[in-house]
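Visitor: Sending over entry-v4.txt (compact mmCIF, C-alpha atoms).
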```
# COMPACT_ATOMS: atom_id res chain seq x y z
CA MET A 11 5.96 33.51 -16.71
CA ALA A 12 2.92 33.81 -18.94
CA VAL A 13 -0.48 34.63 -17.51
CA PHE A 14 -3.12 31.95 -17.97
CA GLN A 15 -5.87 30.14 -16.09
CA ARG A 16 -5.97 26.60 -17.53
CA LEU A 17 -3.19 25.90 -20.00
CA VAL A 18 -3.94 23.08 -22.43
CA ARG A 19 -1.79 21.70 -25.26
CA PHE A 20 -3.62 20.30 -28.27
CA ILE A 21 -3.73 19.52 -31.97
CA ASP A 22 -6.18 21.74 -33.83
CA VAL A 23 -8.39 20.87 -36.79
CA THR A 24 -5.62 21.86 -39.25
CA GLY A 25 -3.04 19.57 -37.60
CA GLN A 26 -1.07 22.31 -35.85
CA ILE A 27 -0.04 22.03 -32.19
CA PHE A 28 -0.89 24.92 -29.88
CA PHE A 29 -0.93 25.90 -26.24
CA GLY A 30 -4.27 27.44 -25.39
CA ASP A 31 -6.10 28.81 -22.37
CA LEU A 32 -9.36 27.15 -21.35
CA GLY A 33 -10.18 30.03 -19.03
CA ASP A 34 -12.86 29.03 -16.52
CA LYS A 35 -13.61 25.66 -18.15
CA VAL A 36 -12.58 22.64 -16.06
CA PRO A 37 -11.63 19.84 -18.52
CA LEU A 38 -13.53 16.68 -17.60
CA SER A 39 -13.06 14.63 -20.78
CA GLN A 40 -11.43 14.58 -24.20
CA GLU A 41 -14.87 14.59 -25.85
CA GLU A 42 -15.94 17.66 -23.92
CA LEU A 43 -12.94 19.61 -25.23
CA GLN A 44 -13.13 18.50 -28.85
CA GLY A 45 -14.53 21.28 -31.02
CA LEU A 46 -13.92 23.93 -28.39
CA GLU A 47 -12.47 27.23 -29.67
CA VAL A 48 -9.79 28.62 -27.37
CA ASP A 49 -7.34 31.52 -27.25
CA VAL A 50 -3.85 30.33 -28.21
CA PHE A 51 -0.26 31.36 -27.51
CA VAL A 52 2.47 32.17 -30.03
CA PRO A 53 3.76 28.80 -31.35
CA GLY A 54 7.35 27.70 -30.83
CA PHE A 55 7.80 28.61 -27.16
CA LEU A 56 7.45 26.77 -23.87
CA PRO A 57 5.40 28.33 -21.05
CA TRP A 58 8.44 29.56 -19.09
CA GLU A 59 10.18 31.11 -22.12
CA GLU A 60 10.18 34.83 -22.78
CA GLY A 61 8.37 34.61 -26.13
CA PHE A 62 5.41 32.69 -24.68
CA LYS A 63 2.52 35.11 -24.97
CA MET A 64 -0.99 35.29 -26.36
CA ASN A 65 -1.18 35.22 -30.15
CA LYS A 66 -4.42 37.24 -30.48
CA ALA A 67 -5.80 34.24 -32.33
CA LYS A 68 -8.02 31.24 -31.66
CA ALA A 69 -7.92 27.57 -32.63
CA ILE A 70 -10.34 24.67 -32.41
CA VAL A 71 -9.35 21.68 -30.28
CA LYS A 72 -9.22 18.33 -32.09
CA LYS A 73 -7.07 16.22 -29.74
CA VAL A 74 -5.72 17.02 -26.28
CA LEU A 75 -2.02 16.21 -25.75
CA SER A 76 0.20 15.99 -22.69
CA PRO A 77 0.47 19.47 -21.13
CA LEU A 78 4.18 19.60 -22.01
CA PRO A 79 5.92 18.06 -25.05
CA THR A 80 8.86 16.86 -22.92
CA VAL A 81 9.97 17.07 -19.30
CA PRO A 82 13.48 16.98 -17.76
CA GLN A 83 12.28 14.35 -15.29
CA PHE A 84 9.57 13.50 -12.81
CA LEU A 85 10.49 13.96 -9.16
CA CYS A 86 8.20 11.94 -6.93
CA ILE A 87 7.36 11.77 -3.25
CA GLY A 88 6.41 8.50 -1.59
CA LEU A 89 4.28 7.99 1.50
CA ASN A 90 3.02 11.56 1.70
CA TYR A 91 -0.59 11.02 2.80
CA LEU A 92 -1.34 10.17 6.41
CA GLN A 93 -4.03 7.61 5.61
CA HIS A 94 -1.84 5.93 2.98
CA ALA A 95 0.95 5.53 5.53
CA LYS A 96 -1.56 3.98 7.92
CA GLU A 97 -2.94 1.50 5.36
CA ALA A 98 0.64 0.47 4.48
CA ASN A 99 1.49 0.17 8.19
CA PHE A 100 4.56 2.34 7.69
CA PRO A 101 5.86 4.98 10.13
CA ILE A 102 5.39 8.63 9.25
CA PRO A 103 8.60 9.74 7.49
CA GLU A 104 10.75 12.47 9.01
CA PHE A 105 11.72 13.77 5.57
CA PRO A 106 10.08 13.42 2.14
CA LEU A 107 10.83 10.07 0.48
CA VAL A 108 12.14 10.91 -2.98
CA PHE A 109 12.43 8.91 -6.18
CA SER A 110 12.31 9.82 -9.86
CA LYS A 111 10.85 8.79 -13.18
CA PRO A 112 12.64 9.41 -16.49
CA ALA A 113 11.46 11.73 -19.24
CA ASP A 114 10.15 8.80 -21.30
CA ALA A 115 7.58 8.04 -18.60
CA LEU A 116 5.61 11.04 -19.90
CA ALA A 117 2.14 10.27 -21.26
CA GLY A 118 -0.89 12.33 -22.13
CA PRO A 119 -4.09 12.59 -20.09
CA TYR A 120 -6.12 10.41 -22.46
CA GLU A 121 -3.45 8.09 -23.91
CA ASP A 122 -3.54 4.31 -23.71
CA ILE A 123 -0.90 2.93 -21.33
CA GLU A 124 0.82 -0.24 -22.50
CA ILE A 125 1.52 -2.88 -19.86
CA PRO A 126 4.90 -4.38 -20.80
CA ALA A 127 5.24 -8.14 -20.42
CA GLU A 128 7.83 -7.54 -17.70
CA ALA A 129 5.57 -5.21 -15.70
CA LYS A 130 3.63 -7.28 -13.17
CA ASN A 131 1.25 -6.40 -10.34
CA MET A 132 0.12 -3.17 -11.92
CA ASP A 133 -1.15 -0.37 -9.70
CA TYR A 134 -2.43 3.21 -9.90
CA GLU A 135 -1.54 6.21 -7.76
CA ALA A 136 -3.50 9.46 -8.00
CA GLU A 137 -1.15 12.41 -7.56
CA LEU A 138 -1.28 16.19 -7.34
CA CYS A 139 1.42 17.36 -9.77
CA VAL A 140 3.40 20.58 -9.39
CA ILE A 141 4.97 21.90 -12.60
CA ILE A 142 8.13 23.93 -12.11
CA GLY A 143 8.23 27.11 -14.17
CA LYS A 144 11.66 28.47 -13.23
CA ASP A 145 14.94 26.75 -12.33
CA LEU A 146 15.03 26.30 -8.56
CA LYS A 147 18.10 25.72 -6.39
CA SER A 148 18.66 26.21 -2.66
CA PRO A 149 16.19 29.02 -1.97
CA SER A 150 16.70 30.97 1.24
CA PRO A 151 14.29 30.16 4.09
CA SER A 152 12.58 33.54 3.66
CA GLU A 153 12.22 33.34 -0.13
CA SER A 154 8.75 32.69 -1.49
CA LEU A 155 8.57 29.76 -3.89
CA ASP A 156 5.45 31.07 -5.65
CA PRO A 157 7.44 32.45 -8.64
CA TYR A 158 8.86 28.98 -9.30
CA ILE A 159 5.51 27.22 -9.66
CA LEU A 160 4.04 27.29 -13.17
CA GLY A 161 0.90 25.52 -12.03
CA TYR A 162 -0.77 22.30 -10.97
CA SER A 163 -2.07 19.18 -12.73
CA VAL A 164 -3.26 15.72 -11.78
CA GLY A 165 -1.31 12.57 -12.63
CA ASN A 166 -1.02 8.82 -12.19
CA ASP A 167 2.20 7.41 -10.76
CA VAL A 168 1.72 4.05 -12.51
CA SER A 169 3.60 1.30 -10.71
CA ALA A 170 4.58 -2.33 -11.33
CA ARG A 171 4.60 -3.51 -7.72
CA PHE A 172 6.43 -6.76 -8.58
CA TRP A 173 9.57 -4.68 -9.09
CA GLN A 174 8.88 -2.57 -5.99
CA ASP A 175 9.04 -5.59 -3.69
CA PRO A 176 12.08 -5.07 -1.40
CA SER A 177 13.46 -8.48 -2.36
CA ARG A 178 13.85 -7.20 -5.95
CA SER A 179 14.24 -3.46 -5.42
CA GLY A 180 16.42 -3.16 -2.34
CA GLY A 181 13.82 -0.70 -1.08
CA GLN A 182 14.19 1.57 -4.14
CA HIS A 183 10.97 2.65 -5.90
CA ALA A 184 12.15 4.11 -9.20
CA PHE A 185 12.64 0.98 -11.33
CA ALA A 186 9.08 -0.23 -10.68
CA LYS A 187 7.68 3.11 -11.78
CA SER A 188 9.91 4.02 -14.72
CA PHE A 189 8.52 2.06 -17.64
CA ASP A 190 7.64 4.12 -20.72
CA ARG A 191 4.39 6.10 -20.34
CA PHE A 192 4.05 5.31 -16.65
CA ALA A 193 3.41 9.00 -15.79
CA PRO A 194 0.30 10.33 -17.54
CA PHE A 195 -0.74 13.77 -16.33
CA GLY A 196 -2.92 16.68 -17.32
CA PRO A 197 -5.35 17.45 -18.78
CA ALA A 198 -4.20 21.03 -18.30
CA ILE A 199 -1.86 23.09 -16.13
CA ILE A 200 -3.84 25.24 -13.73
CA SER A 201 -2.30 28.47 -12.51
CA PRO A 202 -1.83 28.78 -8.73
CA GLY A 203 -4.03 31.87 -8.64
CA THR A 204 -6.84 30.05 -10.39
CA LEU A 205 -6.72 26.99 -8.15
CA GLY A 206 -6.34 28.79 -4.82
CA ASP A 207 -5.79 26.83 -1.59
CA ILE A 208 -4.99 23.29 -2.74
CA THR A 209 -5.54 21.81 0.73
CA LYS A 210 -9.28 22.40 0.25
CA LEU A 211 -9.43 20.20 -2.89
CA THR A 212 -10.53 16.57 -3.23
CA MET A 213 -8.91 13.92 -5.46
CA THR A 214 -10.46 10.62 -6.57
CA THR A 215 -9.56 7.52 -8.57
CA THR A 216 -11.98 5.14 -10.24
CA VAL A 217 -11.18 1.86 -12.01
CA ASN A 218 -13.85 0.85 -14.52
CA GLY A 219 -16.19 3.22 -12.71
CA GLU A 220 -15.51 1.79 -9.22
CA LEU A 221 -14.28 4.32 -6.66
CA ARG A 222 -10.88 3.26 -5.31
CA GLN A 223 -9.33 6.44 -3.91
CA LYS A 224 -10.91 9.56 -2.41
CA SER A 225 -9.04 12.06 -0.27
CA GLY A 226 -8.76 15.69 0.55
CA LEU A 227 -5.36 17.23 -0.07
CA ASP A 228 -5.38 18.31 3.56
CA ASP A 229 -4.17 14.74 4.31
CA LEU A 230 -0.75 15.58 2.84
CA ILE A 231 2.09 15.01 5.31
CA PHE A 232 4.56 17.41 3.65
CA SER A 233 3.35 20.65 2.09
CA ILE A 234 4.28 21.78 -1.41
CA ASP A 235 6.64 24.35 0.09
CA GLN A 236 8.39 21.69 2.20
CA ILE A 237 8.66 19.32 -0.77
CA LEU A 238 10.17 21.90 -3.13
CA ARG A 239 12.69 23.11 -0.57
CA HIS A 240 13.76 19.54 0.12
CA LEU A 241 14.09 18.65 -3.57
CA SER A 242 16.16 21.74 -4.38
CA MET A 243 18.71 21.50 -1.56
CA GLY A 244 22.08 21.89 -3.28
CA ARG A 245 20.70 20.80 -6.64
CA THR A 246 18.87 22.39 -9.54
CA VAL A 247 15.28 21.50 -10.27
CA ARG A 248 14.84 22.53 -13.89
CA ALA A 249 11.88 24.37 -15.39
CA GLY A 250 9.49 21.82 -16.82
CA THR A 251 10.11 19.27 -14.08
CA VAL A 252 6.91 17.63 -12.86
CA VAL A 253 6.78 16.96 -9.14
CA MET A 254 4.39 14.15 -8.17
CA THR A 255 3.52 14.76 -4.55
CA GLY A 256 2.30 11.36 -3.32
CA THR A 257 -0.86 9.27 -3.40
CA PRO A 258 -3.74 8.84 -0.94
CA SER A 259 -4.95 5.58 0.54
CA GLY A 260 -6.85 3.08 -1.60
CA VAL A 261 -4.16 1.75 -3.95
CA ALA A 262 -4.63 -1.76 -5.35
CA ALA A 263 -1.68 -3.16 -3.39
CA PHE A 264 -3.43 -2.78 -0.03
CA MET A 265 -6.95 -3.83 -0.97
CA LYS A 266 -8.47 -6.61 1.14
CA PRO A 267 -8.61 -9.56 1.17
CA VAL A 268 -6.21 -9.56 -1.82
CA PRO A 269 -4.69 -6.88 -4.06
CA ARG A 270 -6.74 -5.99 -7.14
CA TRP A 271 -4.08 -5.31 -9.76
CA LEU A 272 -4.79 -3.50 -13.00
CA VAL A 273 -5.13 -5.67 -16.11
CA GLN A 274 -5.44 -5.02 -19.82
CA GLY A 275 -8.70 -3.27 -20.62
CA ASP A 276 -8.99 -1.46 -17.29
CA VAL A 277 -9.88 2.22 -17.48
CA VAL A 278 -8.44 4.45 -14.76
CA GLU A 279 -9.91 7.91 -14.23
CA ILE A 280 -8.31 10.33 -11.80
CA MET A 281 -10.05 13.57 -10.88
CA LEU A 282 -8.69 16.54 -8.99
CA GLU A 283 -11.24 19.18 -8.09
CA GLY A 284 -10.72 22.35 -10.11
CA VAL A 285 -8.08 20.68 -12.30
CA GLY A 286 -10.05 18.10 -14.26
CA VAL A 287 -9.98 14.41 -15.13
CA ILE A 288 -7.39 12.20 -16.81
CA ARG A 289 -8.59 8.92 -18.31
CA ASN A 290 -6.19 6.18 -19.39
CA THR A 291 -6.96 2.71 -20.70
CA PHE A 292 -4.38 0.01 -19.94
CA VAL A 293 -3.60 -2.18 -22.92
```
Rewrite the structure of this file - the entire thing - as C-alpha cells.

Guide:
Amino acid sequence: MAVFQRLVRFIDVTGQIFFGDLGDKVPLSQEELQGLEVDVFVPGFLPWEEGFKMNKAKAIVKKVLSPLPTVPQFLCIGLNYLQHAKEANFPIPEFPLVFSKPADALAGPYEDIEIPAEAKNMDYEAELCVIIGKDLKSPSPSESLDPYILGYSVGNDVSARFWQDPSRSGGQHAFAKSFDRFAPFGPAIISPGTLGDITKLTMTTTVNGELRQKSGLDDLIFSIDQILRHLSMGRTVRAGTVVMTGTPSGVAAFMKPVPRWLVQGDVVEIMLEGVGVIRNTFV
C-alpha cells in the first residue's frame, strides 16, 4: 500500500479530482483546507492499487470530498462501548454485534444529509472508522492484521430510530441505518503509523455546538483486531470496506427526560483526536 500520513480526496481549483497527503496537518474544517497546496498522487488509482504513488506534483484544494469515491459496503459494530451499553441497559455482548450499510450510504465529511420523509427519530453516532486496504479472509491466529488496515477516519452512523424499534425491525439494525448518505466519514484517512495507539484518543460529538458525546477509545469493548477477525471469519472483507466500530454513550435516543432527535437545520460535528472533524448539516 502507498505511504502517506493523512490522505485526503479533493477537487482542485481546475476542477480535477486528486488524492493528496496533508502530512502533519489535522483537518478541522473545510474552510481551513481550502486554498491549501498539497502533494498529490498519480490520478486514476485507488489507494490499495499498485499504481497509486506520488505524482511529484502539487494541487490546491478547492473542495474536500469523501475519502473514497465508492465503497463495497460499510460493516458496523453495535454496542461496542462499555458506557453506551450501560446507558442502554443492555448486557455486554459476548461477540461483536454486526450489521451493514450499503454503498449508497456513503457521504462526504462536509456534505448536507437529507432526512427522508420516511426517516423518523433521527440520531447521530460518532464512530472510529477502519478502512480496509487489502482483501481479508480468515487470517490465522498468529497473523498480524496491520497490513490489511489502510488507515483510520471518523464517521457518523446516522440512524432513524423509528425503524430500529424492535416492533418494526425484529431486532435488526441495518434498515434504520441504510438510507442514502447515512454514513458520512472523513475528512481524511490517517495511516496507522501516524495515528499511533488509538486507545489513547478522544472522540466527541456536538449538535449545534452542544456537547453530546465524549469518550476515550479505551472504552471500546472489542478491539480492532478482535473486530476484524470476527468480520472475516469464512468471508472476504474487500479492500475499500469501511468498518464502523461502534459509538460511545450520549446518543439522542437515551437522553433524559426525553430523546432529543435531530431535525432539519441541525449541524452535527464529530471530532476524533489526530484525525480531524466532520461537519454535516441535516436538511

Visitor: In terms of the shortest atom-to-atom distance over only C-alpha atoms, which of A:Ala69, A:Met64, A:Leu56, A:Val273 is closest to Val23 in chain A?

Guide: A:Ala69

Visitor: What's the separation between CA of Phe105 in chain A and CA of Ser242 in chain A, in Å to one decimal place?

Guide: 13.5 Å

Visitor: Which range 118-185 of chain A residues have any atom within 9 Å of an atom of range 274-282 of chain A, and for each, what is the nearest pair of atoms with distance in Å to one decimal, counting only C-alpha atoms, rows sorted by chain and number, as a Markdown table?

Guide:
```
| residue | atom | partner | partner_atom | distance |
| --- | --- | --- | --- | --- |
| A:Glu124 | CA | A:Gln274 | CA | 8.3 |
| A:Ile125 | CA | A:Gln274 | CA | 7.3 |
| A:Tyr134 | CA | A:Val278 | CA | 7.8 |
| A:Glu135 | CA | A:Ile280 | CA | 8.9 |
| A:Ala136 | CA | A:Ile280 | CA | 6.2 |
| A:Glu137 | CA | A:Ile280 | CA | 8.6 |
| A:Leu138 | CA | A:Leu282 | CA | 7.6 |
| A:Ser163 | CA | A:Leu282 | CA | 8.0 |
| A:Val164 | CA | A:Leu282 | CA | 6.2 |
| A:Gly165 | CA | A:Ile280 | CA | 7.4 |
| A:Asn166 | CA | A:Ile280 | CA | 7.5 |
```

Visitor: Keeping C-alpha atoms for every residue in the selection just given, could you write it to a file as a tab-separated table (two decimals), keeping the file's coordinate frame?

Guide:
```tsv
chain	number	residue	atom	x	y	z
A	124	GLU	CA	0.82	-0.24	-22.50
A	125	ILE	CA	1.52	-2.88	-19.86
A	134	TYR	CA	-2.43	3.21	-9.90
A	135	GLU	CA	-1.54	6.21	-7.76
A	136	ALA	CA	-3.50	9.46	-8.00
A	137	GLU	CA	-1.15	12.41	-7.56
A	138	LEU	CA	-1.28	16.19	-7.34
A	163	SER	CA	-2.07	19.18	-12.73
A	164	VAL	CA	-3.26	15.72	-11.78
A	165	GLY	CA	-1.31	12.57	-12.63
A	166	ASN	CA	-1.02	8.82	-12.19
```

Visitor: Report, in Å to a single decimal, how far apart CA of Val287 in chain A and CA of Ala115 in chain A are.

Guide: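 Those two atoms sit 19.0 Å apart.
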
Visitor: Which residues, written as a list of chain:residue names, have at least one atom at most 8 Å from Ser39 in chain A, with only C-alpha atoms counted and residues fewer than 4 positions away on the same chain left out?

Guide: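 Answer for this query is A:Leu43, A:Gly286, A:Val287, A:Ile288, A:Arg289.
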
Visitor: Give me the residues within 9 Å of Gln44 in chain A as a CSV table (one decimal) with C-alpha atoms, in the frame of the given file, counting all atoms listed in the file and dropping any in the same chain fewer than 2 places off.

Guide:
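As a result, out_17.csv now contains:
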```csv
chain,number,residue,atom,x,y,z
A,39,SER,CA,-13.1,14.6,-20.8
A,40,GLN,CA,-11.4,14.6,-24.2
A,41,GLU,CA,-14.9,14.6,-25.8
A,42,GLU,CA,-15.9,17.7,-23.9
A,46,LEU,CA,-13.9,23.9,-28.4
A,47,GLU,CA,-12.5,27.2,-29.7
A,70,ILE,CA,-10.3,24.7,-32.4
A,71,VAL,CA,-9.4,21.7,-30.3
A,72,LYS,CA,-9.2,18.3,-32.1
A,73,LYS,CA,-7.1,16.2,-29.7
A,74,VAL,CA,-5.7,17.0,-26.3
```

Visitor: For the point (-11.8, 2.2, -6.4) in the file's frame, write as a tab-separated table (two decimals) with C-alpha atoms, in the coordinates of the input all residues with an atom no more than 12 Å away, counting all atoms listed in the file.

Guide:
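And here's selection_9.tsv as it stands now:
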```tsv
chain	number	residue	atom	x	y	z
A	133	ASP	CA	-1.15	-0.37	-9.70
A	134	TYR	CA	-2.43	3.21	-9.90
A	135	GLU	CA	-1.54	6.21	-7.76
A	136	ALA	CA	-3.50	9.46	-8.00
A	214	THR	CA	-10.46	10.62	-6.57
A	215	THR	CA	-9.56	7.52	-8.57
A	216	THR	CA	-11.98	5.14	-10.24
A	217	VAL	CA	-11.18	1.86	-12.01
A	218	ASN	CA	-13.85	0.85	-14.52
A	219	GLY	CA	-16.19	3.22	-12.71
A	220	GLU	CA	-15.51	1.79	-9.22
A	221	LEU	CA	-14.28	4.32	-6.66
A	222	ARG	CA	-10.88	3.26	-5.31
A	223	GLN	CA	-9.33	6.44	-3.91
A	224	LYS	CA	-10.91	9.56	-2.41
A	225	SER	CA	-9.04	12.06	-0.27
A	258	PRO	CA	-3.74	8.84	-0.94
A	259	SER	CA	-4.95	5.58	0.54
A	260	GLY	CA	-6.85	3.08	-1.60
A	261	VAL	CA	-4.16	1.75	-3.95
A	262	ALA	CA	-4.63	-1.76	-5.35
A	263	ALA	CA	-1.68	-3.16	-3.39
A	264	PHE	CA	-3.43	-2.78	-0.03
A	265	MET	CA	-6.95	-3.83	-0.97
A	269	PRO	CA	-4.69	-6.88	-4.06
A	270	ARG	CA	-6.74	-5.99	-7.14
A	271	TRP	CA	-4.08	-5.31	-9.76
A	272	LEU	CA	-4.79	-3.50	-13.00
A	276	ASP	CA	-8.99	-1.46	-17.29
A	277	VAL	CA	-9.88	2.22	-17.48
A	278	VAL	CA	-8.44	4.45	-14.76
A	279	GLU	CA	-9.91	7.91	-14.23
A	280	ILE	CA	-8.31	10.33	-11.80
```

Visitor: Do you have the CA of Lys187 in chain A-CA of Leu92 in chain A distance handy?

Guide: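 One can read the CA of Lys187 in chain A to CA of Leu92 in chain A distance as 21.5 Å.
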
Visitor: Calculated over all atoms listed in the file, which of the candidates A:Val81, A:Ile123, A:Ala170, A:Ile200 has the smallest distance to Glu283 in chain A?

Guide: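 Of all the options, A:Ile200 lies closest to Glu283 in chain A.
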
Visitor: For Gly196 in chain A, which of A:Asp229, A:Asp114, A:Asp145, A:Glu121 is the closest residue, counting all atoms listed in the file?

Guide: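 Closest residue, counting all atoms listed in the file: A:Glu121.
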
Visitor: Find, counting all atoms listed in the file, the residue in A:Asp167, A:Asp49, A:Asp228, A:Glu60 that gets nearest to Phe28 in chain A.

Guide: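 Closest to Phe28 in chain A, using all atoms listed in the file: A:Asp49.
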
Visitor: Taking all atoms listed in the file into account, which of A:Leu160, A:Ala249, A:Ala198, A:Leu227 comes nearest Leu32 in chain A?

Guide: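 The answer is A:Ala198, which sits nearest to Leu32 in chain A.
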
Visitor: Using all atoms listed in the file, find each residue in range 74-108 of chain A having at least one atom no more than 12 Å away from range 180-185 of chain A; report its shortest atom-to-atom pair and that distance in Å (one decimal), rows by chain then rising number, as a tab-separated table.

Guide:
```
residue	atom	partner	partner_atom	distance
A:Gln83	CA	A:Ala184	CA	11.9
A:Phe84	CA	A:Ala184	CA	10.4
A:Leu85	CA	A:Ala184	CA	10.0
A:Cys86	CA	A:Ala184	CA	9.1
A:Ile87	CA	A:His183	CA	10.2
A:Gly88	CA	A:His183	CA	8.6
A:Leu89	CA	A:His183	CA	11.3
A:Leu107	CA	A:His183	CA	9.8
A:Val108	CA	A:His183	CA	8.8
```
